[in-house]
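Undergrad: Got a structure for you, written out below as structure tokens; questions coming shortly.
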Amino acid sequence: MPAAAVQAAPGLCIGPVCGDEITRSAKHHFQLRLRLSDQQGHHERLIVDCRDGHLSPAVGPVERGHARAVAQKACRLAGSASA
């Protein structure tokens, strides 16, 4: 069964970074896929491991501090946050 995309309206934002199109990985239930954008016009897709907060890729155009905060919030909302 394909994972359904969740659209946050207007998005899950922390500081200048917003995430939308949040989906759970069909293969690894502890991973979420997010599309991130920032106020400077940077866009990227990344995967977060909700067990430890690891972002992949580790470096990208969107500032990683805010990207990590958005990813952790998405994990909490999805019920996949680490203890």
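By convention here, the chains of the structure tokens are called A, B, ... in the order presented, each chain's residues are numbered starting at 1, and ligands are numbered starting at 1 in the order presented.
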Using DSSP on the backbone coordinates, identify all residues within chain A classified as strand (DSSP E or B); present the result as an MDAnalysis selection string.
TA: chainID A and resid 6 12:14 17:24 31:38 43:49 54:56
Undergrad: Can you pull out the residues contacting Gln31 (chain A)? Cut-off 9 Å, using only C-alpha atoms, and skip same-chain residues under 6 positions away; I want them as a PyMOL selection string.
TA: chain A and resi 23-25+47-51+75+80
Undergrad: Any chance you can output those residues with C-alpha atoms as a tab-separated table (two decimals), in the first residue's frame?
TA:
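And here's again-v1.tsv as it stands now:
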chain	number	residue	atom	x	y	z
A	23	THR	CA	5.33	10.97	3.91
A	24	ARG	CA	6.30	7.88	5.86
A	25	SER	CA	8.69	5.48	4.17
A	47	ILE	CA	14.77	11.87	4.77
A	48	VAL	CA	14.79	11.95	8.56
A	49	ASP	CA	15.37	8.90	10.74
A	50	CYS	CA	12.93	9.54	13.58
A	51	ARG	CA	14.82	7.18	15.90
A	75	CYS	CA	8.37	12.96	13.72
A	80	SER	CA	7.57	8.38	15.49
Undergrad: Pick out the residues sitting within 10 Å of Val62 (chain A), and hand them over as a VMD selection string; count only C-alpha atoms, and ignore anything fewer than 2 positions along from it in its own chain.
TA: chain A and resid 16 to 18 36 to 45 59 to 60 64 to 67
Undergrad: Can you work out the spacing between CA of Pro57 (chain A) and CA of Gly15 (chain A) in Å, to one decimal?
TA: 20.4 Å
Undergrad: Using CA of His29 (chain A) and CA of Leu12 (chain A) as the two end points, give the distance in Å to one decimal.
TA: 20.3 Å
Undergrad: Could you pull out the helix (DSSP H, G or I) residues of chain A, going by DSSP on the backbone, and write them as a VMD selection string?
TA: chain A and resid 64 to 78
Undergrad: Any chance you can output those residues with N, CA and C atoms as a compact mmCIF listing (two decimals), in the first residue's frame?
TA:
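The result, written out as result22.txt:
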# COMPACT_ATOMS: atom_id res chain seq x y z
N ARG A 64 20.54 23.62 8.20
CA ARG A 64 20.29 22.35 8.87
C ARG A 64 19.74 22.47 10.29
N GLY A 65 20.01 23.53 10.99
CA GLY A 65 19.45 23.68 12.33
C GLY A 65 17.93 23.76 12.29
N HIS A 66 17.42 24.62 11.43
CA HIS A 66 15.97 24.74 11.29
C HIS A 66 15.39 23.51 10.60
N ALA A 67 16.10 22.94 9.64
CA ALA A 67 15.63 21.73 8.97
C ALA A 67 15.47 20.60 9.97
N ARG A 68 16.42 20.46 10.88
CA ARG A 68 16.35 19.42 11.90
C ARG A 68 15.16 19.66 12.84
N ALA A 69 14.90 20.91 13.19
CA ALA A 69 13.77 21.23 14.06
C ALA A 69 12.44 20.89 13.38
N VAL A 70 12.31 21.20 12.10
CA VAL A 70 11.09 20.86 11.35
C VAL A 70 10.95 19.34 11.29
N ALA A 71 12.03 18.64 11.02
CA ALA A 71 11.99 17.18 10.93
C ALA A 71 11.60 16.55 12.26
N GLN A 72 12.14 17.04 13.37
CA GLN A 72 11.81 16.50 14.68
C GLN A 72 10.34 16.74 15.02
N LYS A 73 9.83 17.91 14.65
CA LYS A 73 8.41 18.20 14.89
C LYS A 73 7.54 17.28 14.06
N ALA A 74 7.92 17.04 12.81
CA ALA A 74 7.17 16.13 11.95
C ALA A 74 7.16 14.72 12.55
N CYS A 75 8.30 14.29 13.09
CA CYS A 75 8.37 12.96 13.72
C CYS A 75 7.44 12.89 14.93
N ARG A 76 7.42 13.94 15.74
CA ARG A 76 6.54 13.95 16.91
C ARG A 76 5.07 13.89 16.47
N LEU A 77 4.72 14.67 15.47
CA LEU A 77 3.34 14.69 14.99
C LEU A 77 2.93 13.36 14.37
N ALA A 78 3.89 12.66 13.77
CA ALA A 78 3.60 11.37 13.15
C ALA A 78 3.64 10.23 14.18
Undergrad: Pick from A:Ile14, A:Gly19, A:Leu32, A:Gly79: nearest to Ser56 (chain A), with only C-alpha atoms counted?
TA: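 The answer is A:Leu32, which sits nearest to Ser56 (chain A).
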Undergrad: Leu34 (chain A): which residues within 6 Å, counting only C-alpha atoms, same-chain residues fewer than 3 positions away excluded, as an mmCIF file with C-alpha atoms, in the first residue's frame?
TA:
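Result went into result.cif, see below:
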data_model
loop_
_atom_site.group_PDB
_atom_site.id
_atom_site.type_symbol
_atom_site.label_atom_id
_atom_site.label_comp_id
_atom_site.auth_asym_id
_atom_site.auth_seq_id
_atom_site.Cartn_x
_atom_site.Cartn_y
_atom_site.Cartn_z
ATOM 1 C CA GLU A 21 4.653 16.773 1.483
ATOM 2 C CA ILE A 22 5.551 14.706 4.529
ATOM 3 C CA ARG A 45 13.845 16.858 -0.259
ATOM 4 C CA LEU A 46 15.305 14.944 2.635
#
